[in-house]
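Coordinates from data05.cif are shown below (mmCIF, C-alpha atoms).
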```
data_protein
#
loop_
_atom_site.label_atom_id
_atom_site.label_comp_id
_atom_site.auth_asym_id
_atom_site.auth_seq_id
_atom_site.Cartn_x
_atom_site.Cartn_y
_atom_site.Cartn_z
CA MET A 10 -195.83 60.08 -130.09
CA GLU A 11 -194.83 60.10 -133.76
CA LYS A 12 -197.36 62.83 -134.59
CA LEU A 13 -195.98 64.92 -131.73
CA ALA A 14 -192.46 64.52 -133.16
CA SER A 15 -193.74 65.69 -136.54
CA VAL A 16 -195.46 68.73 -135.04
CA VAL A 17 -192.36 69.62 -133.02
CA MET A 18 -190.16 69.19 -136.10
CA ILE A 19 -192.35 71.38 -138.31
CA GLY A 20 -192.64 74.01 -135.56
CA SER A 21 -188.90 73.97 -134.96
CA CYS A 22 -188.14 74.34 -138.67
CA VAL A 23 -190.54 77.24 -139.13
CA GLY A 24 -189.48 78.87 -135.86
CA SER A 25 -185.80 78.53 -136.69
CA ALA A 26 -186.28 79.98 -140.16
CA GLY A 27 -188.32 82.88 -138.80
CA LEU A 28 -185.89 83.71 -136.00
CA SER A 29 -182.84 83.51 -138.24
CA VAL A 30 -184.35 85.85 -140.84
CA ALA A 31 -185.54 88.23 -138.09
CA ALA A 32 -182.04 88.26 -136.58
CA MET A 33 -180.52 88.88 -140.00
CA PHE A 34 -182.55 92.09 -140.46
CA THR A 35 -181.97 93.53 -136.97
CA PRO A 36 -178.96 95.84 -136.51
CA SER A 37 -177.70 94.59 -133.14
CA TRP A 38 -175.10 91.96 -134.02
CA VAL A 39 -172.16 94.01 -132.68
CA VAL A 40 -172.89 96.80 -130.18
CA SER A 41 -170.79 99.59 -128.67
CA ASN A 42 -171.88 102.15 -126.07
CA PHE A 43 -168.56 104.01 -126.06
CA ALA A 44 -168.93 107.74 -126.98
CA GLY A 45 -172.52 107.29 -128.08
CA SER A 46 -174.25 104.17 -129.26
CA LYS A 47 -173.28 102.12 -132.30
CA LYS A 48 -175.12 98.99 -133.44
CA LEU A 49 -173.83 97.07 -136.42
CA GLY A 50 -175.86 94.41 -138.17
CA LEU A 51 -175.38 92.21 -141.18
CA ILE A 52 -177.54 94.45 -143.38
CA GLN A 53 -177.95 97.75 -141.52
CA ALA A 54 -176.26 99.86 -138.88
CA CYS A 55 -177.57 102.35 -136.31
CA ARG A 56 -175.65 105.18 -134.68
CA GLN A 57 -176.63 107.55 -131.92
CA PRO A 58 -174.10 110.23 -131.04
CA THR A 59 -174.37 111.43 -127.45
CA GLY A 60 -177.28 113.88 -127.18
CA PHE A 61 -178.63 113.24 -130.68
CA PRO A 62 -181.38 110.96 -132.04
CA GLU A 63 -180.59 107.53 -133.39
CA TRP A 64 -179.95 107.20 -137.12
CA CYS A 65 -180.19 103.88 -138.98
CA GLY A 66 -179.16 103.06 -142.52
CA GLY A 67 -177.77 100.34 -144.72
CA MET A 68 -174.28 98.95 -144.18
CA THR A 69 -172.16 100.63 -146.86
CA ASN A 70 -168.89 98.86 -146.11
CA SER A 71 -170.10 95.48 -144.91
CA PRO A 72 -167.30 92.90 -144.91
CA PRO A 73 -167.59 90.01 -147.38
CA GLU A 74 -167.72 87.58 -144.45
CA TRP A 75 -170.96 89.17 -143.27
CA MET A 76 -172.43 89.00 -146.78
CA ALA A 77 -171.51 85.30 -146.81
CA THR A 78 -173.27 84.98 -143.43
CA VAL A 79 -176.40 86.58 -144.95
CA CYS A 80 -176.27 84.06 -147.81
CA LEU A 81 -175.78 81.13 -145.43
CA ILE A 82 -178.63 82.24 -143.16
CA THR A 83 -180.94 82.68 -146.15
CA ALA A 84 -180.00 79.27 -147.52
CA GLY A 85 -180.47 77.66 -144.10
CA ALA A 86 -183.90 79.24 -143.63
CA LEU A 87 -185.05 78.15 -147.09
CA VAL A 88 -183.79 74.59 -146.61
CA LEU A 89 -185.48 74.33 -143.20
CA LEU A 90 -188.76 75.55 -144.67
CA ALA A 91 -188.39 72.96 -147.43
CA ALA A 92 -187.87 70.28 -144.75
CA ALA A 93 -191.06 71.36 -142.99
CA VAL A 94 -193.03 71.23 -146.26
CA CYS A 95 -191.50 67.85 -147.08
CA LEU A 96 -192.54 66.42 -143.72
CA ALA A 97 -196.05 67.81 -144.08
CA MET A 98 -196.33 66.13 -147.49
CA ALA A 99 -194.93 62.89 -146.06
CA GLU A 100 -197.59 62.96 -143.35
CA MET A 101 -200.34 63.42 -145.94
CA LYS A 102 -199.10 60.81 -148.44
CA LYS A 103 -197.40 58.32 -146.06
CA LYS A 104 -194.27 58.12 -148.25
CA ARG A 105 -190.99 57.06 -146.62
CA ARG A 106 -188.98 58.66 -149.45
CA LEU A 107 -190.27 62.06 -148.35
CA LEU A 108 -189.19 61.29 -144.79
CA THR A 109 -185.70 60.58 -146.13
CA TRP A 110 -185.64 63.96 -147.83
CA THR A 111 -186.93 65.61 -144.66
CA LYS A 112 -184.02 64.19 -142.70
CA VAL A 113 -181.49 65.30 -145.34
CA LEU A 114 -182.97 68.79 -145.65
CA ALA A 115 -183.07 69.32 -141.88
CA ALA A 116 -179.39 68.32 -141.63
CA GLY A 117 -178.58 70.69 -144.49
CA GLY A 118 -180.38 73.55 -142.76
CA VAL A 119 -178.42 72.96 -139.57
CA MET A 120 -175.21 72.87 -141.61
CA PHE A 121 -175.91 76.22 -143.30
CA LEU A 122 -176.83 77.95 -140.04
CA CYS A 123 -173.80 76.56 -138.20
CA LEU A 124 -171.51 77.69 -141.02
CA GLY A 125 -173.09 81.14 -140.79
CA SER A 126 -172.34 81.28 -137.08
CA LEU A 127 -168.71 80.37 -137.79
CA VAL A 128 -168.20 82.80 -140.68
CA PHE A 129 -169.71 85.84 -138.90
CA PRO A 130 -166.85 86.44 -136.39
CA VAL A 131 -164.28 86.52 -139.19
CA GLY A 132 -165.73 89.94 -140.11
CA PHE A 133 -164.70 91.51 -136.81
CA SER A 134 -161.72 93.05 -138.64
CA LEU A 135 -164.06 95.72 -140.05
CA ASP A 136 -162.63 99.25 -139.59
CA GLU A 137 -165.69 100.38 -137.58
CA ILE A 138 -165.15 97.53 -135.13
CA GLY A 139 -161.36 97.61 -134.97
CA GLY A 140 -160.94 94.00 -133.94
CA SER A 141 -159.42 90.98 -135.58
CA PRO A 142 -161.09 87.79 -136.80
CA PHE A 143 -162.81 86.04 -133.87
CA LYS A 144 -161.72 88.79 -131.44
CA LEU A 145 -163.76 91.88 -130.59
CA PRO A 146 -162.12 94.90 -128.95
CA GLU A 147 -162.98 95.69 -125.33
CA VAL A 148 -165.49 98.46 -126.21
CA MET A 149 -167.63 96.17 -128.43
CA THR A 150 -169.99 93.36 -127.41
CA ILE A 151 -172.14 90.83 -129.19
CA GLY A 152 -175.71 92.12 -129.45
CA PHE A 153 -179.05 90.43 -129.02
CA SER A 154 -179.39 89.71 -132.76
CA PHE A 155 -176.62 87.13 -132.56
CA SER A 156 -178.32 85.63 -129.49
CA ILE A 157 -181.58 85.34 -131.46
CA PHE A 158 -179.63 83.69 -134.26
CA MET A 159 -178.12 81.18 -131.81
CA VAL A 160 -181.63 80.30 -130.58
CA SER A 161 -182.60 79.66 -134.21
CA VAL A 162 -179.59 77.33 -134.57
CA PHE A 163 -180.72 75.49 -131.44
CA LEU A 164 -184.24 75.11 -132.88
CA ALA A 165 -182.74 73.82 -136.14
CA ILE A 166 -180.81 71.17 -134.20
CA ILE A 167 -184.05 70.13 -132.45
CA ALA A 168 -185.72 69.93 -135.88
CA ASN A 169 -182.91 67.72 -137.12
CA LEU A 170 -183.27 65.40 -134.12
CA MET A 171 -187.04 65.20 -134.64
CA ALA A 172 -186.51 64.48 -138.35
CA SER A 173 -184.40 61.49 -137.35
CA LYS A 174 -187.16 60.40 -134.96
CA THR A 175 -189.89 60.67 -137.61
CA TYR A 176 -187.84 58.61 -140.07
CA GLU A 177 -188.21 55.50 -137.88
CA ARG A 178 -192.02 55.57 -138.02
CA PRO A 179 -194.04 52.51 -138.97
CA GLY A 180 -196.85 52.70 -141.51
CA PHE A 181 -194.91 54.50 -144.24
CA ARG A 182 -194.13 52.82 -147.54
#
```
Would you kindly transcribe this structure into structure tokens?
Amino acid sequence: MEKLASVVMIGSCVGSAGLSVAAMFTPSWVVSNFAGSKKLGLIQACRQPTGFPEWCGGMTNSPPEWMATVCLITAGALVLLAAAVCLAMAEMKKKRRLLTWTKVLAAGGVMFLCLGSLVFPVGFSLDEIGGSPFKLPEVMTIGFSFSIFMVSVFLAIIANLMASKTYERPGFR
């Protein structure tokens, strides 16, 4: 059972890091289909006026809250990958100290990703969106990129729970 917990924890860490980085680079965090299509992401935006092809480019006026979200997601992904590597090393060397670090790193990864999910909606006051912090206007919706990011947060929480489970294992010095 302990090996299964380790495999689930490593898979959850890697999966969470991969999904969060993938979500960060997709442009569908805030979506509008009013008078054409508009998709805003943390790093890039796509627009498609009615009857014209879609055009995508970098976000030129990205709010500082979204840049902070990018930093928090990056930090969370790196810390979760470090937790996975730490657990893999603990499995190979049977060192309890590495299990302690795995538990701490997994909790830190969850913390960074959760902070990112809280900081992101503060940027809804962007002129292109026209909302206020934590409140989108009626013509805008949350896109699938944020949903992917929330799945990565869920996987990070599972990784944190599994890290706590692996810490209680016998046979480690």
Running the PyMOL selection byres ((chain A and resi 72) around 10) on this model by hand, what would come out? Give it as a PyMOL selection string. chain A and resi 51+68-71+73-77+129+131-136
Which value, in Å to one decimal, gives the distance between CA of Ala84 in chain A and CA of Trp110 in chain A?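 Computed distance, CA of Ala84 in chain A to CA of Trp110 in chain A, equals 16.3 Å.
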A:Cys22, A:Ala172, A:Val88, A:Ile138: which is nearest Leu114 in chain A, counting all atoms listed in the file?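 Smallest separation from Leu114 in chain A among the options: A:Val88.
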In Å, with one decimal, what is the gap from CA of Asn169 in chain A to CA of Ile151 in chain A? 26.7 Å
To test your reading of the syntax: which residues would the PyMOL selection byres ((chain A and resi 168) around 12) return for the file shown? Reply as number ranges by chain. A: 14-26, 88-90, 92-93, 96, 111-119, 161-167, 169-175
Residue selection dump (C-alpha atoms) as a PDB file, in the frame of the given file:
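Wrote it out as selection07.pdb, contents follow:
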```pdb
ATOM      1  CA  ALA A  14    -192.460  64.520-133.160  1.00  0.00           C
ATOM      2  CA  SER A  15    -193.740  65.690-136.540  1.00  0.00           C
ATOM      3  CA  VAL A  16    -195.460  68.730-135.040  1.00  0.00           C
ATOM      4  CA  VAL A  17    -192.360  69.620-133.020  1.00  0.00           C
ATOM      5  CA  MET A  18    -190.160  69.190-136.100  1.00  0.00           C
ATOM      6  CA  ILE A  19    -192.350  71.380-138.310  1.00  0.00           C
ATOM      7  CA  GLY A  20    -192.640  74.010-135.560  1.00  0.00           C
ATOM      8  CA  SER A  21    -188.900  73.970-134.960  1.00  0.00           C
ATOM      9  CA  CYS A  22    -188.140  74.340-138.670  1.00  0.00           C
ATOM     10  CA  VAL A  23    -190.540  77.240-139.130  1.00  0.00           C
ATOM     11  CA  GLY A  24    -189.480  78.870-135.860  1.00  0.00           C
ATOM     12  CA  SER A  25    -185.800  78.530-136.690  1.00  0.00           C
ATOM     13  CA  ALA A  26    -186.280  79.980-140.160  1.00  0.00           C
ATOM     14  CA  VAL A  88    -183.790  74.590-146.610  1.00  0.00           C
ATOM     15  CA  LEU A  89    -185.480  74.330-143.200  1.00  0.00           C
ATOM     16  CA  LEU A  90    -188.760  75.550-144.670  1.00  0.00           C
ATOM     17  CA  ALA A  92    -187.870  70.280-144.750  1.00  0.00           C
ATOM     18  CA  ALA A  93    -191.060  71.360-142.990  1.00  0.00           C
ATOM     19  CA  LEU A  96    -192.540  66.420-143.720  1.00  0.00           C
ATOM     20  CA  THR A 111    -186.930  65.610-144.660  1.00  0.00           C
ATOM     21  CA  LYS A 112    -184.020  64.190-142.700  1.00  0.00           C
ATOM     22  CA  VAL A 113    -181.490  65.300-145.340  1.00  0.00           C
ATOM     23  CA  LEU A 114    -182.970  68.790-145.650  1.00  0.00           C
ATOM     24  CA  ALA A 115    -183.070  69.320-141.880  1.00  0.00           C
ATOM     25  CA  ALA A 116    -179.390  68.320-141.630  1.00  0.00           C
ATOM     26  CA  GLY A 117    -178.580  70.690-144.490  1.00  0.00           C
ATOM     27  CA  GLY A 118    -180.380  73.550-142.760  1.00  0.00           C
ATOM     28  CA  VAL A 119    -178.420  72.960-139.570  1.00  0.00           C
ATOM     29  CA  SER A 161    -182.600  79.660-134.210  1.00  0.00           C
ATOM     30  CA  VAL A 162    -179.590  77.330-134.570  1.00  0.00           C
ATOM     31  CA  PHE A 163    -180.720  75.490-131.440  1.00  0.00           C
ATOM     32  CA  LEU A 164    -184.240  75.110-132.880  1.00  0.00           C
ATOM     33  CA  ALA A 165    -182.740  73.820-136.140  1.00  0.00           C
ATOM     34  CA  ILE A 166    -180.810  71.170-134.200  1.00  0.00           C
ATOM     35  CA  ILE A 167    -184.050  70.130-132.450  1.00  0.00           C
ATOM     36  CA  ASN A 169    -182.910  67.720-137.120  1.00  0.00           C
ATOM     37  CA  LEU A 170    -183.270  65.400-134.120  1.00  0.00           C
ATOM     38  CA  MET A 171    -187.040  65.200-134.640  1.00  0.00           C
ATOM     39  CA  ALA A 172    -186.510  64.480-138.350  1.00  0.00           C
ATOM     40  CA  SER A 173    -184.400  61.490-137.350  1.00  0.00           C
ATOM     41  CA  LYS A 174    -187.160  60.400-134.960  1.00  0.00           C
ATOM     42  CA  THR A 175    -189.890  60.670-137.610  1.00  0.00           C
TER      43      THR A 175
END
```
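Coordinates place CA of Gly27 in chain A at a distance of 24.0 Å from CA of Met101 in chain A.
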Test item: residues at most 7 Å from Ala32 in chain A, all atoms listed in the file, excluding those fewer than 2 positions along its chain, as a ChimeraX atom specification: /A:28-30,34-35,154-155,157-158
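With all atoms listed in the file as the basis for measurement, A:Glu137 is the residue among A:Glu147, A:Ala99, A:Glu137, A:Phe121 that approaches Arg56 in chain A most closely.
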Selection under test: the PyMOL selection byres ((chain A and resi 40) around 12); residues as JSON, numbers by chain: {"A": [35, 36, 37, 38, 39, 41, 42, 43, 45, 46, 47, 48, 49, 50, 54, 55, 56, 57, 133, 137, 138, 145, 146, 147, 148, 149, 150, 151, 152, 153, 154, 155]}
Please reconstruct the missing atoms of range 29-45 of chain A (target: N, CA, C and O atoms) and return them as an mmCIF file, in the frame of the given file.
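Okay, out.cif is ready:
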```cif
data_model
loop_
_atom_site.group_PDB
_atom_site.id
_atom_site.type_symbol
_atom_site.label_atom_id
_atom_site.label_comp_id
_atom_site.auth_asym_id
_atom_site.auth_seq_id
_atom_site.Cartn_x
_atom_site.Cartn_y
_atom_site.Cartn_z
ATOM 1 N N SER A 29 -184.095 83.197 -137.567
ATOM 2 C CA SER A 29 -182.840 83.510 -138.240
ATOM 3 C C SER A 29 -182.998 84.672 -139.220
ATOM 4 O O SER A 29 -182.131 85.538 -139.303
ATOM 5 N N VAL A 30 -184.120 84.726 -139.923
ATOM 6 C CA VAL A 30 -184.350 85.850 -140.840
ATOM 7 C C VAL A 30 -184.596 87.136 -140.039
ATOM 8 O O VAL A 30 -184.098 88.209 -140.410
ATOM 9 N N ALA A 31 -185.329 87.051 -138.935
ATOM 10 C CA ALA A 31 -185.540 88.230 -138.090
ATOM 11 C C ALA A 31 -184.214 88.751 -137.542
ATOM 12 O O ALA A 31 -183.968 89.962 -137.532
ATOM 13 N N ALA A 32 -183.356 87.848 -137.097
ATOM 14 C CA ALA A 32 -182.040 88.260 -136.580
ATOM 15 C C ALA A 32 -181.198 88.894 -137.682
ATOM 16 O O ALA A 32 -180.477 89.864 -137.441
ATOM 17 N N MET A 33 -181.314 88.368 -138.889
ATOM 18 C CA MET A 33 -180.520 88.880 -140.000
ATOM 19 C C MET A 33 -180.863 90.347 -140.292
ATOM 20 O O MET A 33 -179.993 91.133 -140.648
ATOM 21 N N PHE A 34 -182.127 90.740 -140.124
ATOM 22 C CA PHE A 34 -182.550 92.090 -140.460
ATOM 23 C C PHE A 34 -182.473 93.072 -139.287
ATOM 24 O O PHE A 34 -182.748 94.245 -139.465
ATOM 25 N N THR A 35 -182.112 92.616 -138.096
ATOM 26 C CA THR A 35 -181.970 93.530 -136.970
ATOM 27 C C THR A 35 -180.516 94.015 -136.888
ATOM 28 O O THR A 35 -179.596 93.266 -137.194
ATOM 29 N N PRO A 36 -180.312 95.272 -136.462
ATOM 30 C CA PRO A 36 -178.960 95.840 -136.510
ATOM 31 C C PRO A 36 -178.128 95.660 -135.241
ATOM 32 O O PRO A 36 -177.200 96.420 -135.022
ATOM 33 N N SER A 37 -178.422 94.706 -134.419
ATOM 34 C CA SER A 37 -177.700 94.590 -133.140
ATOM 35 C C SER A 37 -176.833 93.339 -133.071
ATOM 36 O O SER A 37 -176.886 92.594 -132.098
ATOM 37 N N TRP A 38 -176.013 93.101 -134.066
ATOM 38 C CA TRP A 38 -175.100 91.960 -134.020
ATOM 39 C C TRP A 38 -173.849 92.319 -133.222
ATOM 40 O O TRP A 38 -173.368 91.523 -132.438
ATOM 41 N N VAL A 39 -173.315 93.518 -133.434
ATOM 42 C CA VAL A 39 -172.160 94.010 -132.680
ATOM 43 C C VAL A 39 -172.553 95.387 -132.145
ATOM 44 O O VAL A 39 -172.991 96.250 -132.906
ATOM 45 N N VAL A 40 -172.397 95.590 -130.841
ATOM 46 C CA VAL A 40 -172.890 96.800 -130.180
ATOM 47 C C VAL A 40 -171.742 97.465 -129.417
ATOM 48 O O VAL A 40 -170.921 96.791 -128.801
ATOM 49 N N SER A 41 -171.737 98.808 -129.459
ATOM 50 C CA SER A 41 -170.790 99.590 -128.670
ATOM 51 C C SER A 41 -171.544 100.751 -128.033
ATOM 52 O O SER A 41 -172.340 101.412 -128.688
ATOM 53 N N ASN A 42 -171.303 101.010 -126.768
ATOM 54 C CA ASN A 42 -171.880 102.150 -126.070
ATOM 55 C C ASN A 42 -170.807 103.149 -125.673
ATOM 56 O O ASN A 42 -170.986 103.948 -124.768
ATOM 57 N N PHE A 43 -169.678 103.119 -126.334
ATOM 58 C CA PHE A 43 -168.560 104.010 -126.060
ATOM 59 C C PHE A 43 -168.714 105.269 -126.906
ATOM 60 O O PHE A 43 -168.781 105.188 -128.130
ATOM 61 N N ALA A 44 -168.780 106.438 -126.288
ATOM 62 C CA ALA A 44 -168.930 107.740 -126.980
ATOM 63 C C ALA A 44 -170.159 107.719 -127.882
ATOM 64 O O ALA A 44 -170.081 107.943 -129.086
ATOM 65 N N GLY A 45 -171.293 107.420 -127.305
ATOM 66 C CA GLY A 45 -172.520 107.290 -128.080
ATOM 67 C C GLY A 45 -172.808 105.816 -128.300
ATOM 68 O O GLY A 45 -172.083 104.946 -127.829
#
```
